[in-house]
file start39.cif (mmCIF, C-alpha atoms and all ligand atoms)
data_model
#
loop_
_atom_site.label_atom_id
_atom_site.label_comp_id
_atom_site.auth_asym_id
_atom_site.auth_seq_id
_atom_site.Cartn_x
_atom_site.Cartn_y
_atom_site.Cartn_z
CA MET D 1 -5.02 72.94 -28.97
CA LEU D 2 -2.86 71.14 -31.51
CA ASP D 3 0.25 72.14 -29.54
CA LYS D 4 -1.30 70.75 -26.40
CA ILE D 5 -1.97 67.48 -28.15
CA LYS D 6 1.57 67.31 -29.42
CA ALA D 7 3.01 68.00 -25.95
CA LEU D 8 0.84 65.32 -24.40
CA LYS D 9 1.96 62.82 -27.01
CA GLU D 10 5.61 63.52 -26.26
CA GLU D 11 4.95 63.17 -22.56
CA ILE D 12 3.28 59.80 -23.04
CA GLU D 13 6.06 58.60 -25.29
CA LYS D 14 8.62 59.20 -22.53
CA ILE D 15 6.77 57.46 -19.71
CA SER D 16 8.55 54.66 -17.97
CA VAL D 17 7.26 52.65 -15.02
CA SER D 18 8.93 50.73 -12.24
CA ALA D 19 6.01 48.84 -10.72
CA LYS D 20 2.99 47.10 -12.13
CA GLU D 21 0.64 49.25 -10.03
CA ASP D 22 2.03 52.38 -11.73
CA VAL D 23 0.59 51.22 -15.04
CA GLU D 24 -2.90 51.36 -13.59
CA GLU D 25 -2.24 54.87 -12.29
CA LEU D 26 -1.15 55.97 -15.76
CA ARG D 27 -4.27 54.51 -17.27
CA ILE D 28 -6.37 56.61 -14.91
CA LYS D 29 -4.21 59.71 -15.43
CA TYR D 30 -4.36 59.64 -19.22
CA ILE D 31 -7.09 57.57 -20.77
CA SER D 32 -9.94 57.31 -18.26
CA LYS D 33 -12.92 59.57 -18.93
CA LYS D 34 -11.56 62.25 -16.57
CA GLY D 35 -7.96 61.68 -17.63
CA LEU D 36 -5.81 64.16 -19.60
CA VAL D 37 -6.69 62.69 -22.98
CA GLY D 38 -10.33 62.32 -21.95
CA GLN D 39 -10.50 66.03 -21.08
CA LEU D 40 -9.46 66.94 -24.62
CA PHE D 41 -12.75 65.48 -25.82
CA ASN D 42 -14.59 67.95 -23.51
CA GLU D 43 -12.55 70.86 -24.82
CA PHE D 44 -13.26 69.76 -28.38
CA LYS D 45 -16.69 71.50 -28.40
CA ASP D 46 -14.91 74.92 -28.14
CA VAL D 47 -12.74 74.26 -31.18
CA PRO D 48 -13.69 76.55 -34.13
CA ALA D 49 -15.67 74.73 -36.79
CA ASP D 50 -12.99 74.98 -39.48
CA LEU D 51 -10.41 73.26 -37.25
CA LYS D 52 -12.76 70.56 -35.94
CA LYS D 53 -11.78 68.00 -38.55
CA GLU D 54 -8.03 68.33 -37.99
CA VAL D 55 -8.20 68.58 -34.18
CA GLY D 56 -10.74 65.73 -33.93
CA GLN D 57 -8.41 63.49 -35.92
CA ALA D 58 -5.44 64.47 -33.74
CA ILE D 59 -7.31 63.76 -30.49
CA ASN D 60 -8.39 60.34 -31.74
CA ASP D 61 -4.86 59.53 -32.85
CA LEU D 62 -3.54 60.60 -29.46
CA LYS D 63 -6.05 58.43 -27.68
CA ASP D 64 -5.09 55.36 -29.76
CA PHE D 65 -1.45 56.12 -29.14
CA ALA D 66 -1.97 56.42 -25.38
CA VAL D 67 -4.00 53.21 -25.15
CA ASN D 68 -1.39 51.26 -27.10
CA ARG D 69 1.47 52.70 -25.08
CA ILE D 70 -0.14 51.82 -21.77
CA ASN D 71 -1.03 48.29 -22.90
CA GLU D 72 2.51 47.84 -24.09
CA LEU D 73 3.88 48.86 -20.67
CA LYS D 74 1.46 46.46 -18.99
CA ASP D 75 2.46 43.54 -21.25
CA ASN D 76 6.14 44.18 -20.62
CA PHE D 77 5.49 44.01 -16.94
CA GLU D 78 3.59 40.77 -17.06
CA ALA D 79 6.25 39.05 -19.11
CA ALA D 80 9.01 40.33 -16.84
CA GLY D 81 7.05 39.36 -13.70
CA GLN D 82 6.83 35.79 -14.87
CA GLU D 83 10.53 35.51 -15.37
CA GLN D 84 11.21 37.03 -11.98
CA SER D 85 9.05 34.53 -10.04
CA GLY D 86 10.60 31.67 -12.00
CA THR D 87 7.21 30.22 -12.86
CA ASP D 88 7.18 28.61 -16.25
CA LEU D 89 3.74 27.17 -16.74
CA THR D 90 4.94 25.01 -19.60
CA MET D 91 7.35 23.05 -17.37
CA PRO D 92 6.30 19.43 -16.66
CA GLY D 93 5.17 18.84 -13.04
CA ASP D 94 7.23 17.13 -10.35
CA PRO D 95 6.67 13.37 -10.50
CA ILE D 96 4.64 11.99 -7.59
CA ARG D 97 6.39 8.98 -6.14
CA LEU D 98 4.17 5.92 -5.87
CA GLY D 99 4.28 3.79 -2.75
CA SER D 100 5.00 0.10 -3.00
CA ARG D 101 3.34 -2.95 -1.59
CA HIS D 102 4.78 -4.33 1.63
CA PRO D 103 6.85 -7.47 0.96
CA LEU D 104 4.62 -9.46 3.32
CA SER D 105 1.57 -8.44 1.27
CA VAL D 106 3.36 -9.31 -1.96
CA VAL D 107 4.12 -12.82 -0.69
CA LYS D 108 0.73 -13.27 0.98
CA ASN D 109 -1.03 -12.39 -2.29
CA GLU D 110 1.18 -14.77 -4.21
CA ILE D 111 0.35 -17.62 -1.82
CA ILE D 112 -3.36 -16.76 -1.97
CA ASP D 113 -3.21 -16.82 -5.79
CA ILE D 114 -1.67 -20.29 -5.82
CA PHE D 115 -4.31 -21.77 -3.50
CA THR D 116 -7.24 -20.03 -5.17
CA ARG D 117 -6.15 -21.72 -8.41
CA LEU D 118 -6.72 -25.02 -6.56
CA GLY D 119 -10.23 -23.95 -5.56
CA PHE D 120 -9.48 -22.76 -2.02
CA THR D 121 -11.56 -19.85 -0.75
CA ILE D 122 -10.34 -17.23 1.76
CA ALA D 123 -11.68 -16.69 5.28
CA GLU D 124 -10.59 -14.56 8.21
CA GLY D 125 -11.17 -14.63 11.96
CA PRO D 126 -10.65 -12.29 14.92
CA GLU D 127 -7.20 -11.54 16.37
CA ILE D 128 -8.67 -11.28 19.88
CA GLU D 129 -9.88 -14.76 20.73
CA ASP D 130 -11.10 -17.00 23.52
CA ASP D 131 -9.53 -20.15 24.91
CA TRP D 132 -11.96 -22.41 23.06
CA HIS D 133 -11.02 -21.34 19.51
CA VAL D 134 -7.26 -21.09 20.07
CA PHE D 135 -6.74 -24.11 22.33
CA SER D 136 -9.59 -26.24 23.66
CA ALA D 137 -11.39 -26.99 20.40
CA LEU D 138 -8.00 -27.73 18.85
CA ASN D 139 -7.42 -30.58 21.29
CA PHE D 140 -4.86 -28.81 23.48
CA PRO D 141 -4.85 -30.57 26.87
CA PRO D 142 -5.55 -28.20 29.82
CA GLU D 143 -1.93 -28.20 30.92
CA HIS D 144 -0.36 -27.76 27.49
CA PRO D 145 2.63 -25.37 27.69
CA ALA D 146 1.39 -23.25 24.77
CA ARG D 147 -1.39 -22.00 27.04
CA ASP D 148 1.22 -20.73 29.42
CA MET D 149 1.53 -17.02 30.14
CA GLN D 150 5.01 -17.26 28.62
CA ASP D 151 3.71 -17.89 25.13
CA THR D 152 0.31 -16.27 25.04
CA PHE D 153 -0.67 -12.65 25.51
CA PHE D 154 -3.70 -12.72 27.78
CA ILE D 155 -6.02 -9.75 27.87
CA GLU D 156 -8.26 -11.19 30.62
CA LYS D 157 -8.29 -14.36 32.70
CA ASN D 158 -11.37 -16.44 33.68
CA PRO D 159 -12.88 -16.47 31.21
CA ASP D 160 -9.77 -16.09 29.10
CA VAL D 161 -9.53 -13.40 26.45
CA LEU D 162 -6.28 -13.59 24.52
CA LEU D 163 -4.45 -12.71 21.33
CA ARG D 164 -4.44 -15.71 19.01
CA THR D 165 -1.10 -17.48 18.84
CA HIS D 166 -1.85 -19.12 15.49
CA THR D 167 -4.38 -18.93 12.65
CA SER D 168 -5.57 -22.46 13.47
CA SER D 169 -8.31 -20.74 15.49
CA VAL D 170 -9.92 -19.82 12.17
CA GLN D 171 -10.16 -23.55 11.33
CA VAL D 172 -12.47 -23.92 14.32
CA ARG D 173 -14.53 -20.83 13.46
CA VAL D 174 -15.03 -22.01 9.88
CA MET D 175 -15.84 -25.64 10.79
CA GLU D 176 -18.34 -24.51 13.45
CA LYS D 177 -20.24 -22.55 10.82
CA THR D 178 -19.89 -24.77 7.75
CA GLN D 179 -20.38 -28.45 7.05
CA PRO D 180 -17.95 -30.12 4.58
CA PRO D 181 -16.86 -29.88 1.87
CA ILE D 182 -14.59 -27.12 3.18
CA ARG D 183 -11.57 -25.96 1.23
CA ALA D 184 -10.22 -22.63 2.46
CA ILE D 185 -7.14 -20.67 3.49
CA PHE D 186 -6.90 -18.19 6.35
CA PRO D 187 -4.30 -15.46 6.22
CA GLY D 188 -3.80 -13.38 9.36
CA ARG D 189 -1.73 -11.83 12.08
CA VAL D 190 -0.73 -13.79 15.17
CA PHE D 191 0.90 -12.92 18.48
CA ARG D 192 3.34 -14.72 20.75
CA ASN D 193 5.03 -13.52 23.90
CA GLU D 194 8.53 -13.98 22.56
CA ALA D 195 11.69 -11.91 22.83
CA ILE D 196 12.23 -9.89 19.65
CA SER D 197 15.37 -10.89 17.77
CA ALA D 198 16.60 -11.21 14.19
CA ARG D 199 14.75 -14.53 13.88
CA SER D 200 11.56 -14.07 15.90
CA HIS D 201 9.06 -11.37 16.65
CA CYS D 202 6.06 -11.13 18.98
CA ILE D 203 3.82 -10.25 16.02
CA PHE D 204 3.94 -12.17 12.76
CA HIS D 205 1.71 -13.50 9.99
CA GLN D 206 0.54 -16.95 9.04
CA ILE D 207 -1.48 -18.58 6.30
CA GLU D 208 -3.48 -21.59 7.35
CA GLY D 209 -5.03 -24.10 4.95
CA LEU D 210 -7.90 -26.49 5.62
CA TYR D 211 -9.51 -29.14 3.45
CA VAL D 212 -12.28 -31.32 4.88
CA ASP D 213 -14.41 -33.69 2.82
CA GLU D 214 -15.14 -37.39 2.40
CA ASN D 215 -12.01 -39.42 1.62
CA VAL D 216 -9.43 -36.67 2.01
CA SER D 217 -6.11 -38.47 2.48
CA PHE D 218 -2.52 -37.77 3.42
CA ALA D 219 -1.64 -38.22 -0.27
CA ASP D 220 -3.93 -35.26 -1.07
CA LEU D 221 -2.04 -33.19 1.49
CA LYS D 222 1.32 -34.13 0.01
CA GLN D 223 0.29 -33.39 -3.54
CA THR D 224 -1.27 -30.05 -2.60
CA LEU D 225 1.90 -29.00 -0.80
CA LEU D 226 4.13 -30.18 -3.63
CA TYR D 227 2.06 -28.14 -6.09
CA PHE D 228 2.37 -25.11 -3.80
CA ALA D 229 6.15 -25.53 -3.41
CA ARG D 230 6.69 -25.79 -7.16
CA GLU D 231 4.50 -22.79 -7.94
CA PHE D 232 6.10 -20.65 -5.26
CA PHE D 233 9.76 -21.72 -5.21
CA GLY D 234 10.15 -22.97 -8.77
CA GLU D 235 9.24 -26.10 -10.70
CA LYS D 236 12.39 -28.01 -9.75
CA SER D 237 11.51 -27.82 -6.03
CA GLN D 238 11.32 -31.00 -4.00
CA ILE D 239 9.55 -31.44 -0.68
CA ARG D 240 10.07 -33.78 2.23
CA LEU D 241 7.86 -34.43 5.25
CA ARG D 242 9.30 -35.15 8.67
CA PRO D 243 7.11 -36.60 11.45
CA SER D 244 6.13 -34.00 14.02
CA TYR D 245 3.48 -33.31 16.63
CA PHE D 246 0.60 -30.85 16.88
CA PRO D 247 -2.36 -31.46 19.21
CA PHE D 248 -4.85 -30.75 16.40
CA THR D 249 -3.43 -33.00 13.67
CA GLU D 250 -2.75 -36.72 13.62
CA PRO D 251 -0.48 -37.73 12.04
CA SER D 252 1.48 -34.47 11.97
CA ALA D 253 4.46 -33.46 9.90
CA GLU D 254 6.81 -30.64 9.20
CA MET D 255 7.53 -29.87 5.57
CA ASP D 256 10.89 -28.91 4.12
CA VAL D 257 11.40 -27.60 0.62
CA SER D 258 14.65 -28.07 -1.27
CA CYS D 259 16.75 -24.92 -0.89
CA SER D 260 15.88 -22.61 -3.79
CA ILE D 261 19.08 -20.62 -3.31
CA CYS D 262 21.62 -23.41 -3.81
CA GLY D 263 19.25 -25.88 -5.51
CA GLY D 264 19.88 -28.41 -2.74
CA GLU D 265 23.67 -28.32 -2.98
CA GLY D 266 24.06 -26.73 0.46
CA CYS D 267 24.63 -23.09 1.34
CA ASN D 268 24.58 -20.88 4.41
CA VAL D 269 20.83 -20.16 4.08
CA CYS D 270 19.91 -23.86 4.34
CA LYS D 271 22.82 -24.37 6.75
CA TYR D 272 24.39 -26.82 4.28
CA THR D 273 21.48 -29.27 4.58
CA GLY D 274 19.93 -28.50 1.16
CA TRP D 275 16.51 -28.16 2.85
CA LEU D 276 14.45 -25.31 4.28
CA GLU D 277 11.73 -25.91 6.85
CA ILE D 278 8.64 -23.98 5.82
CA LEU D 279 5.45 -25.30 7.38
CA GLY D 280 3.59 -27.56 9.79
CA CYS D 281 0.79 -29.81 8.62
CA GLY D 282 -1.18 -33.01 9.21
CA MET D 283 -4.53 -34.76 9.09
CA VAL D 284 -7.16 -32.95 11.16
CA ASP D 285 -7.50 -34.82 14.46
CA PRO D 286 -10.96 -36.46 14.73
CA ASN D 287 -11.37 -34.78 18.14
CA VAL D 288 -11.17 -31.39 16.42
CA LEU D 289 -13.82 -32.36 13.88
CA GLU D 290 -16.11 -33.54 16.67
CA SER D 291 -15.54 -30.32 18.68
CA CYS D 292 -16.87 -28.47 15.65
CA ASN D 293 -19.86 -30.81 15.17
CA ILE D 294 -18.46 -32.49 12.07
CA ASP D 295 -18.95 -36.25 11.83
CA SER D 296 -15.43 -37.69 12.06
CA LYS D 297 -16.61 -41.10 10.80
CA LYS D 298 -17.81 -39.59 7.56
CA TYR D 299 -15.26 -36.84 7.00
CA THR D 300 -11.50 -36.50 7.09
CA GLY D 301 -9.34 -33.50 6.40
CA PHE D 302 -5.90 -32.01 6.26
CA ALA D 303 -4.54 -28.72 7.56
CA PHE D 304 -1.30 -26.82 7.22
CA GLY D 305 0.07 -23.53 8.50
CA MET D 306 3.04 -21.45 7.44
CA GLY D 307 4.71 -18.26 8.61
CA ILE D 308 4.64 -15.53 5.97
CA GLU D 309 7.70 -13.71 7.37
CA ARG D 310 9.79 -16.86 7.21
CA ILE D 311 8.85 -17.61 3.62
CA THR D 312 9.43 -13.99 2.60
CA MET D 313 12.86 -14.02 4.26
CA LEU D 314 13.79 -17.18 2.37
CA LYS D 315 12.47 -15.88 -0.91
CA TYR D 316 14.29 -12.53 -0.80
CA GLY D 317 17.28 -13.44 1.37
CA ILE D 318 16.21 -11.07 4.19
CA LYS D 319 18.33 -11.69 7.27
CA ASP D 320 16.41 -9.86 10.00
CA ILE D 321 12.67 -10.23 10.68
CA ARG D 322 12.59 -6.79 12.33
CA HIS D 323 12.89 -5.09 8.92
CA PHE D 324 9.26 -6.00 8.22
CA PHE D 325 7.99 -3.90 11.09
CA GLU D 326 10.25 -0.86 10.88
CA ASN D 327 8.70 0.44 7.67
CA ASP D 328 11.89 2.04 6.43
CA VAL D 329 11.07 3.06 2.85
CA ARG D 330 14.58 2.21 1.72
CA PHE D 331 13.79 -1.39 2.65
CA LEU D 332 10.18 -1.42 1.47
CA LYS D 333 10.74 0.07 -1.98
CA GLN D 334 13.01 -2.80 -3.03
CA PHE D 335 9.99 -5.03 -3.52
CA GLU D 336 8.16 -2.76 -5.97
CA SER D 337 9.06 -4.82 -9.00
CA ALA D 338 7.76 -7.96 -7.34
CA ASN D 339 4.20 -6.80 -7.87
N1 LIG D 401 -0.67 -23.82 14.00
C1 LIG D 401 0.62 -24.40 13.79
C2 LIG D 401 1.70 -23.42 14.23
O1 LIG D 401 1.39 -22.26 14.47
C3 LIG D 401 0.87 -24.77 12.35
C4 LIG D 401 -0.05 -25.84 11.85
C5 LIG D 401 -1.24 -25.53 11.22
C6 LIG D 401 0.29 -27.19 12.01
C7 LIG D 401 -2.09 -26.52 10.76
C8 LIG D 401 -0.55 -28.18 11.53
C9 LIG D 401 -1.71 -27.85 10.92
O2 LIG D 401 2.85 -23.76 14.38
#

call {"tool": "encode", "arguments": {"input": "start39.cif", "output": "structure tokens", "more": "lines below"}}
Ligand code: PHE
result
Amino acid sequence: MLDKIKALKEEIEKISVSAKEDVEELRIKYISKKGLVGQLFNEFKDVPADLKKEVGQAINDLKDFAVNRINELKDNFEAAGQEQSGTDLTMPGDPIRLGSRHPLSVVKNEIIDIFTRLGFTIAEGPEIEDDWHVFSALNFPPEHPARDMQDTFFIEKNPDVLLRTHTSSVQVRVMEKTQPPIRAIFPGRVFRNEAISARSHCIFHQIEGLYVDENVSFADLKQTLLYFAREFFGEKSQIRLRPSYFPFTEPSAEMDVSCSICGGEGCNVCKYTGWLEILGCGMVDPNVLESCNIDSKKYTGFAFGMGIERITMLKYGIKDIRHFFENDVRFLKQFESAN
């Protein structure tokens, strides 16, 4: 019996394994209840009484030895397996790249921030509109060229359903619902049937502003726009207003801001004039107030509207409006730090 134990021990000592599954086989072969070592315990009852102590000790030692040996083989395998698959669980994970805000959103939010500091609230209107809100209520005469198929995307004719060509339609929606005082801005997407080029696109974004109350004057408009220009383009900015025409404002003006790139000296961005044209504005035409059931004898107001693409292009020196719509990440990610 003692010889048998010794032989078994030598056998176990020499075992080597080539696959992890083999370790489990060895466990069954040697140390399970019916395994070779396990059987020794069955044979133990036939051992003569005077040898029981010595043989019992030897069997127990063998069992401990076998268990340790098999565990050792198993551990070796697990450690080696990890190296082979190249998985090191202590390695830091791959960084997840964060997206960035679209430059148009960055600029839109900046403009919204400036006007909310002045007490303007934000409102939005539908992109699919009717003739009344885009044209008629805004004092466009029936034959005005802007109503032409060339400028406007019509969805249906008679009655007309169309894509709004400017955010001024939201002025009408807000004034129809609310009596003055009204002080709000309307950011949104607009559509014009124009050929796509570096300078113009058939889809773009505007922010409209509207202030209607008793005694609102042109001086209020000028001061509001000057404040905006200085907050957005820098505190040294100057503005100038040139007379213009819109059916829904009277008087109307176009506003230029001193070129923030050359400081007014003249450069290729401002075409050596020192000025950049950035928005249209004016006093709300009394006809528009009346169309929206606001008493034009009691109330006056001003409105302005600017293109977000244009302002973003000026701010960042972007030369082609089409970049905004291509969503090339190499372009988009450059504006991360801006917000
Ligand atoms: N709606 C005009 C445009 O799209 C801009 C504008 C808004 C002008 C409000 C005056 C007042 O060009």

call {"tool": "closest_residue", "arguments": {"input": "start39.cif", "among": "D:Gly305, D:Ser197, D:Tyr227, D:Asp46", "to": "Val170 in chain D", "atoms": "only C-alpha atoms"}}
result
D:Gly305

call {"tool": "residues_around", "arguments": {"input": "start39.cif", "residues": "Phe246 in chain D", "least_positions_apart": "2", "cutoff": "12 Å", "atoms": "only C-alpha atoms", "output": "list of chain:residue names"}}
result
D:Phe135, D:Leu138, D:Asn139, D:Phe140, D:Pro141, D:His144, D:Ala146, D:Ser168, D:Pro243, D:Ser244, D:Phe248, D:Thr249, D:Glu250, D:Pro251, D:Ser252, D:Ala253, D:Glu254, D:Gly280, D:Cys281, D:Gly282, D:Met283, D:Val284, D:Asp285, D:Val288, D:Ala303, D:Phe304, D:Gly305

call {"tool": "residues_around", "arguments": {"input": "start39.cif", "residues": "Tyr316 in chain D", "least_positions_apart": "6", "cutoff": "12 Å", "atoms": "only C-alpha atoms", "output": "count of residues only"}}
result
14

call {"tool": "closest_residue", "arguments": {"input": "start39.cif", "among": "D:Lys6, D:His166, D:Lys271, D:Lys14", "to": "ligand LIG 401 (chain D)", "atoms": "all atoms listed in the file"}}
result
D:His166

call {"tool": "closest_residue", "arguments": {"input": "start39.cif", "among": "D:Val172, D:Leu2, D:Leu332, D:Met91", "to": "ligand LIG 401 (chain D)", "atoms": "only C-alpha atoms and all ligand atoms"}}
result
D:Val172
